[in-house]
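Q: If it helps, the file is called query.cif and holds mmCIF, C-alpha atoms:
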```
data_my_file
loop_
_atom_site.label_atom_id
_atom_site.label_comp_id
_atom_site.auth_asym_id
_atom_site.auth_seq_id
_atom_site.Cartn_x
_atom_site.Cartn_y
_atom_site.Cartn_z
CA MET A 35 -74.10 -40.37 -61.04
CA GLY A 36 -76.69 -40.81 -58.33
CA VAL A 37 -77.04 -37.11 -57.60
CA ARG A 38 -80.19 -36.28 -55.61
CA LEU A 39 -81.90 -32.92 -55.53
CA GLY A 40 -84.52 -31.96 -52.97
CA LEU A 41 -86.87 -29.05 -52.46
CA ALA A 42 -89.12 -28.40 -49.48
CA SER A 43 -91.26 -25.29 -49.41
CA THR A 44 -93.57 -24.09 -46.67
CA PRO A 45 -95.89 -21.10 -47.28
CA ASN A 46 -94.95 -18.05 -45.23
CA VAL A 47 -91.92 -19.85 -43.81
CA GLY A 48 -89.42 -20.43 -46.57
CA THR A 49 -87.85 -22.91 -48.91
CA THR A 50 -85.06 -25.38 -48.38
CA PHE A 51 -83.00 -26.70 -51.27
CA ALA A 52 -80.87 -29.79 -50.75
CA PHE A 53 -78.62 -31.95 -52.91
CA SER A 54 -76.33 -34.89 -52.32
CA VAL A 55 -73.49 -36.10 -54.52
CA PRO A 56 -72.10 -39.57 -53.71
CA LEU A 57 -68.34 -39.39 -54.11
CA ARG A 58 -65.74 -42.05 -53.49
CA PRO A 59 -62.82 -41.03 -51.28
CA ALA A 60 -59.96 -39.56 -53.27
CA ALA A 61 -57.43 -42.28 -54.07
CA SER A 62 -54.55 -40.27 -52.73
CA PHE A 63 -56.28 -39.83 -49.38
CA VAL A 64 -56.96 -43.55 -49.07
CA ARG A 65 -53.38 -44.45 -49.96
CA GLU A 66 -51.98 -41.92 -47.53
CA ARG A 67 -54.19 -43.23 -44.74
CA GLU A 68 -53.19 -46.81 -45.54
CA SER A 69 -49.53 -45.84 -45.58
CA ARG A 70 -49.66 -44.74 -41.94
CA SER A 71 -50.20 -48.31 -40.77
CA ARG A 72 -47.03 -49.59 -42.39
CA ARG A 73 -43.36 -48.78 -42.41
CA VAL A 74 -41.93 -48.00 -45.84
CA LEU A 75 -38.55 -49.70 -46.10
CA ARG A 76 -37.13 -48.97 -49.53
CA LEU A 77 -37.93 -48.58 -53.20
CA VAL A 78 -38.69 -51.82 -54.98
CA ASP A 79 -35.85 -52.88 -57.29
CA GLY A 80 -36.27 -51.23 -60.66
CA HIS A 81 -38.15 -48.24 -59.24
CA ALA A 82 -35.40 -45.65 -59.08
CA VAL A 83 -36.32 -42.12 -58.09
CA VAL A 84 -33.97 -39.20 -58.67
CA ALA A 85 -35.01 -36.29 -56.49
CA GLY A 86 -33.93 -32.68 -56.21
CA VAL A 87 -34.53 -30.81 -52.97
CA ILE A 88 -34.51 -27.02 -52.94
CA VAL A 89 -35.44 -25.96 -49.45
CA ALA A 90 -33.92 -22.84 -47.92
CA ASP A 91 -34.21 -23.91 -44.29
CA PRO A 92 -31.34 -26.33 -43.61
CA LEU A 93 -33.26 -28.26 -40.97
CA ASN A 94 -36.27 -28.92 -43.21
CA ARG A 95 -33.91 -29.69 -46.08
CA GLY A 96 -32.05 -32.21 -43.96
CA VAL A 97 -35.26 -33.93 -42.88
CA VAL A 98 -36.56 -34.25 -46.45
CA VAL A 99 -33.21 -35.47 -47.78
CA GLY A 100 -32.93 -37.98 -44.94
CA MET A 101 -36.41 -39.37 -45.59
CA LEU A 102 -35.71 -39.76 -49.31
CA ARG A 103 -32.29 -41.35 -48.91
CA ALA A 104 -33.57 -43.71 -46.24
CA VAL A 105 -35.71 -45.48 -48.83
CA GLY A 106 -33.10 -45.51 -51.57
CA CYS A 107 -33.86 -42.37 -53.58
CA SER A 108 -30.95 -40.58 -55.22
CA VAL A 109 -30.98 -37.03 -53.92
CA VAL A 110 -29.30 -33.79 -54.86
CA ALA A 111 -29.99 -30.96 -52.46
CA GLY A 112 -29.41 -27.24 -52.57
CA SER A 113 -30.92 -23.90 -51.86
CA LYS A 114 -30.85 -22.34 -55.34
CA LEU A 115 -33.14 -23.46 -58.12
CA ALA A 116 -30.84 -22.59 -61.03
CA GLU A 117 -27.94 -24.63 -59.66
CA LEU A 118 -30.12 -27.62 -59.01
CA VAL A 119 -31.79 -27.56 -62.43
CA ALA A 120 -28.33 -27.72 -64.00
CA ALA A 121 -27.65 -30.92 -62.05
CA GLY A 122 -30.86 -32.57 -63.32
CA PRO A 123 -32.93 -34.02 -64.79
CA PHE A 124 -34.99 -35.09 -61.80
CA ASP A 125 -38.07 -37.28 -61.51
CA VAL A 126 -39.26 -35.06 -58.70
CA VAL A 127 -38.19 -31.73 -57.28
CA LEU A 128 -39.31 -30.82 -53.78
CA ILE A 129 -39.15 -27.08 -53.38
CA ASP A 130 -40.23 -24.34 -50.99
CA ALA A 131 -43.88 -23.59 -51.72
CA PRO A 132 -44.14 -20.49 -53.93
CA ALA A 133 -45.38 -17.29 -52.34
CA THR A 134 -46.83 -15.76 -55.51
CA ASP A 135 -48.27 -16.80 -58.88
CA ASP A 136 -45.20 -15.37 -60.63
CA GLU A 137 -42.82 -17.32 -58.43
CA ALA A 138 -44.78 -20.52 -59.00
CA GLY A 139 -44.81 -19.98 -62.76
CA ALA A 140 -41.09 -19.26 -62.86
CA THR A 141 -40.34 -22.43 -60.91
CA VAL A 142 -42.37 -24.68 -63.20
CA ALA A 143 -40.85 -23.02 -66.27
CA ALA A 144 -37.32 -23.55 -64.93
CA LEU A 145 -37.97 -27.23 -64.25
CA ALA A 146 -39.34 -27.68 -67.77
CA VAL A 147 -35.95 -26.72 -69.25
CA LYS A 148 -34.37 -30.06 -68.34
CA PRO A 149 -37.16 -32.53 -67.64
CA ALA A 150 -36.84 -36.22 -66.83
CA PRO A 151 -38.12 -38.62 -69.55
CA ARG A 152 -41.54 -38.77 -67.93
CA GLY A 153 -41.51 -35.10 -66.95
CA THR A 154 -40.43 -33.57 -63.67
CA LEU A 155 -42.92 -33.56 -60.83
CA ALA A 156 -42.83 -30.34 -58.80
CA VAL A 157 -43.87 -30.66 -55.15
CA GLY A 158 -44.22 -27.59 -52.96
CA ILE A 159 -43.25 -27.74 -49.28
CA GLY A 160 -44.30 -25.12 -46.80
CA ALA A 161 -46.77 -23.80 -44.29
CA LEU A 162 -49.27 -23.89 -47.16
CA SER A 163 -51.35 -20.78 -46.94
CA GLN A 164 -54.34 -20.80 -49.29
CA ARG A 165 -52.46 -18.34 -51.47
CA ALA A 166 -49.39 -20.53 -51.74
CA GLU A 167 -51.44 -23.65 -52.41
CA ARG A 168 -53.45 -21.89 -55.09
CA ALA A 169 -50.37 -20.40 -56.74
CA GLY A 170 -48.61 -23.74 -56.84
CA ARG A 171 -51.54 -25.75 -58.13
CA LEU A 172 -52.40 -23.23 -60.84
CA ALA A 173 -48.81 -23.10 -62.04
CA GLY A 174 -48.64 -26.85 -62.38
CA PHE A 175 -47.20 -28.16 -59.12
CA GLY A 176 -48.18 -31.80 -58.86
CA ASP A 177 -48.59 -31.82 -55.10
CA MET A 178 -48.13 -29.71 -51.99
CA LEU A 179 -46.86 -31.04 -48.65
CA ALA A 180 -47.39 -29.24 -45.38
CA LEU A 181 -44.68 -28.66 -42.79
CA PRO A 182 -43.68 -30.40 -40.62
CA ILE A 183 -43.05 -33.01 -43.30
CA ARG A 184 -44.31 -36.47 -42.46
CA ALA A 185 -42.59 -39.47 -43.98
CA ASP A 186 -45.88 -41.22 -44.72
CA ALA A 187 -47.18 -38.18 -46.62
CA LEU A 188 -43.95 -37.87 -48.61
CA TYR A 189 -43.89 -41.53 -49.60
CA ALA A 190 -47.61 -41.48 -50.44
CA CYS A 191 -46.93 -38.51 -52.72
CA LEU A 192 -44.20 -40.43 -54.57
CA GLU A 193 -46.47 -43.46 -54.88
CA ASN A 194 -49.45 -41.47 -56.14
CA LYS A 195 -47.72 -39.01 -58.42
CA LEU A 196 -44.67 -40.92 -59.67
CA ASP A 197 -46.08 -44.44 -59.38
CA ALA A 198 -43.04 -45.34 -57.28
CA HIS A 199 -43.36 -48.70 -55.55
CA PHE A 200 -42.03 -49.31 -52.06
CA GLU A 201 -41.34 -52.38 -50.02
CA ALA A 202 -43.10 -51.94 -46.72
CA ALA A 203 -43.42 -53.84 -43.48
CA GLU A 204 -46.09 -53.92 -40.84
CA ALA A 205 -44.71 -53.50 -37.35
CA ASP A 206 -44.87 -57.27 -36.77
CA ALA A 207 -42.89 -57.93 -39.91
CA THR A 208 -39.63 -56.57 -38.49
CA LEU A 209 -38.48 -60.02 -37.42
CA ALA A 210 -39.22 -61.42 -40.86
CA LEU A 211 -37.22 -58.60 -42.41
CA ARG A 212 -34.33 -59.31 -40.10
CA ALA A 213 -34.37 -63.00 -40.99
CA ALA A 214 -34.50 -62.22 -44.69
CA LEU A 215 -31.57 -59.83 -44.57
CA MET A 216 -29.27 -61.71 -42.26
CA PRO A 217 -27.66 -64.22 -44.65
CA MET A 218 -26.65 -61.50 -47.08
CA VAL A 219 -25.27 -59.30 -44.34
CA VAL A 220 -23.20 -61.99 -42.67
CA SER A 221 -21.63 -62.94 -45.98
CA ALA A 222 -19.98 -59.54 -46.40
CA ASP A 223 -16.41 -59.14 -45.18
CA LEU A 224 -16.44 -55.92 -43.18
CA PRO A 225 -13.12 -54.27 -42.17
CA ALA A 226 -12.55 -54.75 -38.44
CA PRO A 227 -12.54 -51.05 -37.38
CA LEU A 228 -15.81 -50.38 -39.18
CA ARG A 229 -17.32 -53.55 -37.83
CA ARG A 230 -16.37 -52.45 -34.31
CA ARG A 231 -17.96 -49.03 -34.85
CA VAL A 232 -21.21 -50.59 -36.06
CA VAL A 233 -21.33 -52.98 -33.11
CA GLU A 234 -20.59 -50.27 -30.55
CA ALA A 235 -23.17 -47.95 -32.10
CA ALA A 236 -25.84 -50.67 -32.05
CA ARG A 237 -25.02 -51.68 -28.47
CA SER A 238 -25.34 -48.08 -27.29
CA ALA A 239 -28.43 -47.52 -29.52
CA SER A 240 -26.69 -44.52 -31.07
CA ILE A 241 -28.44 -43.82 -34.34
CA THR A 242 -25.94 -41.00 -34.96
CA ASP A 243 -22.88 -43.27 -34.76
CA LEU A 244 -24.62 -46.11 -36.58
CA ARG A 245 -25.60 -44.00 -39.56
CA ASN A 246 -22.14 -42.42 -39.73
CA ALA A 247 -20.60 -45.90 -39.79
CA ILE A 248 -23.04 -47.06 -42.45
CA GLU A 249 -22.14 -44.04 -44.57
CA ASP A 250 -18.49 -45.00 -44.33
CA ILE A 251 -19.34 -48.57 -45.33
CA THR A 252 -21.26 -47.22 -48.32
CA SER A 253 -18.23 -45.24 -49.43
CA LEU A 254 -16.22 -48.48 -49.67
CA GLY A 255 -18.41 -49.41 -52.66
CA GLY A 256 -18.79 -52.85 -54.23
CA PRO A 257 -20.35 -55.55 -52.05
CA HIS A 258 -20.00 -53.28 -49.03
CA ALA A 259 -22.56 -50.93 -50.55
CA VAL A 260 -25.04 -53.81 -50.53
CA LEU A 261 -24.18 -54.49 -46.90
CA ALA A 262 -24.62 -50.81 -46.09
CA HIS A 263 -28.01 -50.82 -47.79
CA ARG A 264 -29.16 -53.79 -45.71
CA LEU A 265 -27.83 -52.34 -42.47
CA GLY A 266 -29.48 -49.05 -43.39
CA ALA A 267 -32.85 -50.79 -43.61
CA LEU A 268 -32.37 -52.21 -40.13
CA ALA A 269 -31.20 -48.84 -38.81
CA TRP A 270 -34.25 -47.17 -40.34
CA ASN A 271 -36.32 -49.50 -38.14
CA TYR A 272 -34.07 -48.71 -35.13
CA ASP A 273 -33.55 -52.46 -35.04
CA MET A 274 -30.29 -52.53 -33.09
CA ASP A 275 -30.72 -56.20 -32.20
CA GLY A 276 -31.13 -56.90 -35.88
CA VAL A 277 -27.88 -55.07 -36.69
CA LEU A 278 -25.99 -57.03 -34.04
CA GLY A 279 -27.56 -60.30 -35.13
CA ALA A 280 -26.74 -59.62 -38.74
CA LEU A 281 -23.07 -59.26 -37.86
CA GLY A 282 -23.13 -62.32 -35.62
CA GLU A 283 -22.39 -60.12 -32.61
CA ARG A 284 -25.50 -60.60 -30.54
CA ASP A 285 -24.74 -62.20 -27.18
CA GLU A 286 -26.38 -62.53 -23.78
CA ARG A 287 -25.65 -58.88 -22.96
CA ASP A 288 -27.95 -57.89 -25.79
CA ALA A 289 -30.79 -60.21 -24.86
CA MET B 245 -23.88 -25.61 -39.45
CA THR B 246 -20.77 -25.83 -37.28
CA PRO B 247 -21.21 -28.11 -34.26
CA ASP B 248 -20.95 -26.47 -30.85
CA GLU B 249 -17.72 -27.66 -29.16
CA ARG B 250 -19.44 -27.89 -25.79
CA LEU B 251 -22.08 -30.20 -27.18
CA VAL B 252 -20.03 -32.50 -29.41
CA GLY B 253 -20.43 -36.09 -28.25
CA ARG B 254 -23.00 -35.34 -25.59
CA ARG B 255 -25.52 -38.15 -25.61
CA ILE B 256 -29.23 -37.45 -25.83
CA LEU B 257 -31.57 -40.43 -25.58
CA VAL B 258 -34.71 -39.78 -27.64
CA VAL B 259 -37.61 -42.00 -26.60
CA ASP B 260 -40.65 -41.97 -28.88
CA ASP B 261 -42.76 -44.68 -30.49
CA THR B 262 -43.22 -42.62 -33.66
CA PRO B 263 -40.17 -42.84 -35.94
CA VAL B 264 -40.83 -39.53 -37.66
CA ASN B 265 -40.66 -37.75 -34.31
CA ILE B 266 -37.29 -39.37 -33.62
CA GLU B 267 -36.04 -38.36 -37.06
CA LEU B 268 -37.17 -34.78 -36.54
CA LEU B 269 -35.42 -34.48 -33.18
CA ALA B 270 -32.28 -36.16 -34.55
CA ALA B 271 -32.28 -33.72 -37.46
CA ILE B 272 -32.43 -30.85 -34.97
CA LEU B 273 -29.84 -32.20 -32.53
CA GLU B 274 -27.14 -33.87 -34.65
CA PRO B 275 -25.99 -30.71 -36.49
CA HIS B 276 -25.18 -29.19 -33.09
CA GLY B 277 -22.87 -32.11 -32.32
CA PHE B 278 -25.16 -34.23 -30.13
CA ASN B 279 -24.91 -38.00 -30.32
CA VAL B 280 -28.51 -39.24 -30.55
CA LEU B 281 -29.45 -42.53 -28.92
CA VAL B 282 -32.88 -43.96 -29.66
CA ALA B 283 -35.51 -46.13 -28.04
CA THR B 284 -39.05 -46.67 -29.25
CA LEU B 285 -40.46 -48.06 -25.99
CA GLY B 286 -40.16 -47.16 -22.32
CA GLU B 287 -38.72 -50.57 -21.42
CA ALA B 288 -36.08 -50.26 -24.14
CA ALA B 289 -35.22 -46.77 -22.92
CA LEU B 290 -34.41 -48.14 -19.45
CA ARG B 291 -32.09 -50.78 -20.96
CA VAL B 292 -30.33 -48.27 -23.23
CA ALA B 293 -29.87 -45.80 -20.36
CA GLU B 294 -28.44 -48.47 -18.07
CA ARG B 295 -25.94 -49.61 -20.70
CA THR B 296 -24.98 -46.16 -21.99
CA PRO B 297 -25.99 -43.44 -19.52
CA PRO B 298 -27.05 -40.40 -21.53
CA ASP B 299 -26.51 -36.75 -20.66
CA LEU B 300 -30.18 -35.99 -21.25
CA ILE B 301 -33.36 -37.91 -22.04
CA LEU B 302 -36.14 -36.56 -24.26
CA LEU B 303 -39.17 -38.62 -23.36
CA ASP B 304 -42.54 -38.98 -25.08
CA VAL B 305 -45.50 -39.59 -22.78
CA MET B 306 -47.97 -41.63 -24.80
CA MET B 307 -46.29 -44.90 -25.70
CA PRO B 308 -47.43 -48.53 -25.69
CA GLY B 309 -46.28 -50.49 -22.65
CA LEU B 310 -44.60 -48.25 -20.11
CA ASP B 311 -45.77 -44.72 -20.69
CA GLY B 312 -43.41 -41.79 -20.33
CA PHE B 313 -44.43 -40.93 -16.77
CA GLU B 314 -43.79 -44.46 -15.52
CA THR B 315 -40.55 -44.68 -17.48
CA CYS B 316 -39.39 -41.45 -15.85
CA ALA B 317 -40.36 -42.69 -12.40
CA ARG B 318 -38.32 -45.90 -12.90
CA LEU B 319 -35.32 -43.93 -14.14
CA LYS B 320 -35.45 -41.78 -11.03
CA ARG B 321 -35.59 -44.85 -8.77
CA ASN B 322 -32.34 -46.14 -10.29
CA PRO B 323 -29.45 -44.56 -8.31
CA ASP B 324 -27.16 -44.72 -11.36
CA LEU B 325 -29.64 -42.81 -13.53
CA ALA B 326 -31.46 -40.62 -11.06
CA ASP B 327 -29.34 -37.59 -11.93
CA VAL B 328 -29.87 -37.82 -15.68
CA PRO B 329 -32.17 -34.92 -16.59
CA VAL B 330 -35.44 -35.83 -18.29
CA ILE B 331 -37.45 -33.51 -20.53
CA PHE B 332 -40.91 -34.58 -21.66
CA VAL B 333 -41.65 -33.97 -25.34
CA THR B 334 -45.33 -34.59 -25.89
CA ALA B 335 -48.57 -33.42 -27.40
CA ARG B 336 -50.16 -33.77 -23.96
CA ASP B 337 -49.83 -30.26 -22.63
CA GLU B 338 -52.76 -29.95 -20.21
CA PRO B 339 -51.74 -28.42 -16.86
CA GLU B 340 -52.26 -31.70 -15.00
CA ASP B 341 -49.99 -33.50 -17.47
CA ILE B 342 -47.26 -30.92 -17.01
CA VAL B 343 -47.57 -31.09 -13.23
CA ASN B 344 -47.47 -34.88 -13.34
CA GLY B 345 -44.32 -34.73 -15.46
CA PHE B 346 -42.53 -32.55 -12.94
CA ARG B 347 -43.74 -34.79 -10.10
CA GLN B 348 -42.07 -37.75 -11.81
CA GLY B 349 -38.79 -35.83 -11.82
CA ALA B 350 -38.68 -34.09 -15.20
CA VAL B 351 -36.69 -30.86 -15.45
CA ASP B 352 -38.66 -29.40 -18.36
CA TYR B 353 -41.56 -29.91 -20.72
CA VAL B 354 -41.65 -29.28 -24.49
CA ALA B 355 -44.98 -29.35 -26.33
CA LYS B 356 -45.32 -30.94 -29.76
CA PRO B 357 -45.04 -29.93 -32.51
CA VAL B 358 -41.50 -29.08 -31.49
CA ARG B 359 -39.72 -25.97 -32.66
CA HIS B 360 -36.06 -26.09 -33.60
CA GLU B 361 -34.93 -23.16 -31.48
CA GLU B 362 -36.90 -24.28 -28.46
CA VAL B 363 -35.38 -27.77 -28.54
CA ARG B 364 -31.87 -26.40 -28.97
CA CYS B 365 -32.26 -23.83 -26.20
CA VAL B 366 -33.65 -26.40 -23.77
CA CYS B 367 -31.25 -29.23 -24.59
CA ALA B 368 -27.93 -27.39 -24.73
CA PRO B 369 -27.69 -26.19 -21.12
CA THR B 370 -29.54 -29.18 -19.66
CA SER B 371 -27.25 -31.72 -21.29
CA CYS B 372 -24.19 -29.83 -20.07
CA SER B 373 -25.45 -29.80 -16.50
CA SER B 374 -25.26 -33.56 -16.06
CA ARG B 375 -21.47 -33.97 -16.31
#
```
Here is a file; write its structure as structure tokens.
A:
Amino acid sequence: MGVRLGLASTPNVGTTFAFSVPLRPAASFVRERESRSRRVLRLVDGHAVVAGVIVADPLNRGVVVGMLRAVGCSVVAGSKLAELVAAGPFDVVLIDAPATDDEAGATVAALAVKPAPRGTLAVGIGALSQRAERAGRLAGFGDMLALPIRADALYACLENKLDAHFEAAEADATLALRAALMPMVVSADLPAPLRRRVVEAARSASITDLRNAIEDITSLGGPHAVLAHRLGALAWNYDMDGVLGALGERDERDA
Amino acid sequence: MTPDERLVGRRILVVDDTPVNIELLAAILEPHGFNVLVATLGEAALRVAERTPPDLILLDVMMPGLDGFETCARLKRNPDLADVPVIFVTARDEPEDIVNGFRQGAVDYVAKPVRHEEVRCVCAPTSCSSR
């Protein structure tokens, strides 16, 4: 293993023991660090992730759900464990970090009642005191994420623990993404009122209006869901020019 | 959460080069009824504000290109946008940074990491003051 032990002793002074253990960086740390330099866009086709989110605080719950849905995960959210377990099985359940060993054990036991084919990964979310981290890890939580939740940490967790694969883009790759998506987007026949809402939202850079419009496009189903997915990827990059270009609406005012 | 009638449709321009920060602020603001506009660079923020004047601007300081201070100064030199209140949201919270922010025309200063209640309390009255 390459472990080195050392001993230096000086009469009437004292003795110093020393050892060194060469360790490679933990894989999860390396992947998380690498993930910060890229923008995760969506799950690769064929890598579906069904996630349950049980977070009491509605703001934190909304952030986690938004991050998961933005990359194409199916998400069911709630504030009560029993109700959510009934809606499973889930590949991963993100849940408030347990406060005690008993709570952690009860959570893992509840998730084991209706597991996904490959088991259900439990991930604790919270301020992560040593006690909470210890309780969760000992009970069988697969990972713990600290608040405030960072998207790169969440996606790295899914990659490391679920082997989920994501399409990602470096910052400079946004134009390439736009070019790749455009033909598919233009080919969809979008109802005029919705088209107008998307265009107005993109022109005003309103992410609120844009995402609401994309949700309404999604609810139309069929080919429009594909269109919504593509527009969602552009919206996730705040690429308003890309949205306008994709709909053939970009003019000199937008230059 | 039921949106606040006074805040529904009020436009807040969030300017930050880190997407997660934008998402966090949007997650705080949208449930109250705010319409969140976004820009990831200072230059883009000026264009968005000129096209769709917001009721309030939440401005990061450390950004590539125009930093937040310079962006704020340019907003204040534009007669059409000079009255739009600007609040800096930044991890730079040394006294000289805060003073500099106010010198550029900001009305308030929020230190990162942001807290839900603080953002809501600061944004609600400030956004209502601009119309």
Q: Provide as a PyMOL selection string the residues of chain B at most 12 Å from chain A, counting all atoms listed in the file.
A: chain B and resi 245+252-285+288-298+356-361
Q: Take the selection from the previous step and output its residues with C-alpha atoms, as an mmCIF file, in the frame of the given file.
A:
```cif
data_model
loop_
_atom_site.group_PDB
_atom_site.id
_atom_site.type_symbol
_atom_site.label_atom_id
_atom_site.label_comp_id
_atom_site.auth_asym_id
_atom_site.auth_seq_id
_atom_site.Cartn_x
_atom_site.Cartn_y
_atom_site.Cartn_z
ATOM 1 C CA MET B 245 -23.880 -25.610 -39.450
ATOM 2 C CA VAL B 252 -20.030 -32.500 -29.410
ATOM 3 C CA GLY B 253 -20.430 -36.090 -28.250
ATOM 4 C CA ARG B 254 -23.000 -35.340 -25.590
ATOM 5 C CA ARG B 255 -25.520 -38.150 -25.610
ATOM 6 C CA ILE B 256 -29.230 -37.450 -25.830
ATOM 7 C CA LEU B 257 -31.570 -40.430 -25.580
ATOM 8 C CA VAL B 258 -34.710 -39.780 -27.640
ATOM 9 C CA VAL B 259 -37.610 -42.000 -26.600
ATOM 10 C CA ASP B 260 -40.650 -41.970 -28.880
ATOM 11 C CA ASP B 261 -42.760 -44.680 -30.490
ATOM 12 C CA THR B 262 -43.220 -42.620 -33.660
ATOM 13 C CA PRO B 263 -40.170 -42.840 -35.940
ATOM 14 C CA VAL B 264 -40.830 -39.530 -37.660
ATOM 15 C CA ASN B 265 -40.660 -37.750 -34.310
ATOM 16 C CA ILE B 266 -37.290 -39.370 -33.620
ATOM 17 C CA GLU B 267 -36.040 -38.360 -37.060
ATOM 18 C CA LEU B 268 -37.170 -34.780 -36.540
ATOM 19 C CA LEU B 269 -35.420 -34.480 -33.180
ATOM 20 C CA ALA B 270 -32.280 -36.160 -34.550
ATOM 21 C CA ALA B 271 -32.280 -33.720 -37.460
ATOM 22 C CA ILE B 272 -32.430 -30.850 -34.970
ATOM 23 C CA LEU B 273 -29.840 -32.200 -32.530
ATOM 24 C CA GLU B 274 -27.140 -33.870 -34.650
ATOM 25 C CA PRO B 275 -25.990 -30.710 -36.490
ATOM 26 C CA HIS B 276 -25.180 -29.190 -33.090
ATOM 27 C CA GLY B 277 -22.870 -32.110 -32.320
ATOM 28 C CA PHE B 278 -25.160 -34.230 -30.130
ATOM 29 C CA ASN B 279 -24.910 -38.000 -30.320
ATOM 30 C CA VAL B 280 -28.510 -39.240 -30.550
ATOM 31 C CA LEU B 281 -29.450 -42.530 -28.920
ATOM 32 C CA VAL B 282 -32.880 -43.960 -29.660
ATOM 33 C CA ALA B 283 -35.510 -46.130 -28.040
ATOM 34 C CA THR B 284 -39.050 -46.670 -29.250
ATOM 35 C CA LEU B 285 -40.460 -48.060 -25.990
ATOM 36 C CA ALA B 288 -36.080 -50.260 -24.140
ATOM 37 C CA ALA B 289 -35.220 -46.770 -22.920
ATOM 38 C CA LEU B 290 -34.410 -48.140 -19.450
ATOM 39 C CA ARG B 291 -32.090 -50.780 -20.960
ATOM 40 C CA VAL B 292 -30.330 -48.270 -23.230
ATOM 41 C CA ALA B 293 -29.870 -45.800 -20.360
ATOM 42 C CA GLU B 294 -28.440 -48.470 -18.070
ATOM 43 C CA ARG B 295 -25.940 -49.610 -20.700
ATOM 44 C CA THR B 296 -24.980 -46.160 -21.990
ATOM 45 C CA PRO B 297 -25.990 -43.440 -19.520
ATOM 46 C CA PRO B 298 -27.050 -40.400 -21.530
ATOM 47 C CA LYS B 356 -45.320 -30.940 -29.760
ATOM 48 C CA PRO B 357 -45.040 -29.930 -32.510
ATOM 49 C CA VAL B 358 -41.500 -29.080 -31.490
ATOM 50 C CA ARG B 359 -39.720 -25.970 -32.660
ATOM 51 C CA HIS B 360 -36.060 -26.090 -33.600
ATOM 52 C CA GLU B 361 -34.930 -23.160 -31.480
#
```
Q: Let me know the residues the PyMOL selection byres ((chain B and resi 322-329) around 12) catches in the file above, as number ranges by chain.
A: B: 255-257, 289-303, 315-321, 330-332, 346, 348-353, 366-375
Q: Could you work out an axis-aligned box for range 298-313 of chain B, taking every atom the file lists and adding 5 Å on each side, and report centre and edge lengths in Å to one decimal, as AutoDock Vina command-line options?
A:
```
--center_x -37.2 --center_y -43.2 --center_z -21.2 --size_x 31.5 --size_y 24.5 --size_z 18.9
```
Q: Separation of CA of Val333 in chain B and CA of Ala355 in chain B, in Å?
A: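 Distance reported for this atom pair: 5.8 Å.
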Q: Could you jot down the CA of Arg231 in chain A to CA of Thr252 in chain A separation for me, Å, one decimal place?
A: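 Separation of CA of Arg231 in chain A and CA of Thr252 in chain A: 14.0 Å.
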Q: Find, counting only C-alpha atoms, the residue in A:Gly282, A:Pro132, A:Pro45, A:Pro151 that gets nearest to Arg165 in chain A.
A: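 Of A:Gly282, A:Pro132, A:Pro45, A:Pro151, the one nearest Arg165 in chain A, counting only C-alpha atoms, is A:Pro132.
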Q: For a test of reading the model, state the distance in Å between CA of Phe175 in chain A and CA of Val105 in chain A, rounded to one decimal.
A: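 Between CA of Phe175 in chain A and CA of Val105 in chain A the gap works out to 23.2 Å.
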Q: So what does the PyMOL selection byres ((chain A and resi 127-130) around 8) actually pick up in this one, as a compact mmCIF listing (two decimals) with C-alpha atoms, in the frame of the given file?
A:
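What ended up in out25.txt:
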```txt
# COMPACT_ATOMS: atom_id res chain seq x y z
CA ALA A 85 -35.01 -36.29 -56.49
CA GLY A 86 -33.93 -32.68 -56.21
CA VAL A 87 -34.53 -30.81 -52.97
CA ILE A 88 -34.51 -27.02 -52.94
CA VAL A 89 -35.44 -25.96 -49.45
CA ALA A 90 -33.92 -22.84 -47.92
CA PHE A 124 -34.99 -35.09 -61.80
CA ASP A 125 -38.07 -37.28 -61.51
CA VAL A 126 -39.26 -35.06 -58.70
CA ALA A 131 -43.88 -23.59 -51.72
CA PRO A 132 -44.14 -20.49 -53.93
CA THR A 154 -40.43 -33.57 -63.67
CA LEU A 155 -42.92 -33.56 -60.83
CA ALA A 156 -42.83 -30.34 -58.80
CA VAL A 157 -43.87 -30.66 -55.15
CA GLY A 158 -44.22 -27.59 -52.96
CA ILE A 159 -43.25 -27.74 -49.28
CA GLY A 160 -44.30 -25.12 -46.80
```
Q: Have a look at B:Phe313, B:Asp304, B:Pro247, B:Arg364 and name the one nearest to Val343 in chain B; count all atoms listed in the file.
A: B:Phe313
Q: If you apply the PyMOL selection byres ((chain A and resi 147) around 12) to this file, what residues do you get, as an MDAnalysis selection string?
A: chainID A and resid 115:116 118:124 140:146 148:150 153:154
Q: Taking into account only C-alpha atoms, which residue in the set A:Arg168, A:His81, A:Arg264, A:Arg38 is nearest to His199 in chain A?
A: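 Answer, going by the shortest atom-to-atom distance: A:His81.
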Q: Which residues come within 9 Å of Lys195 in chain A, counting all atoms listed in the file, excluding same-chain residues fewer than 4 positions away, as a list in words?
A: Ser62, Leu155, Gly176, Asp177, Ala190 and Cys191 of chain A
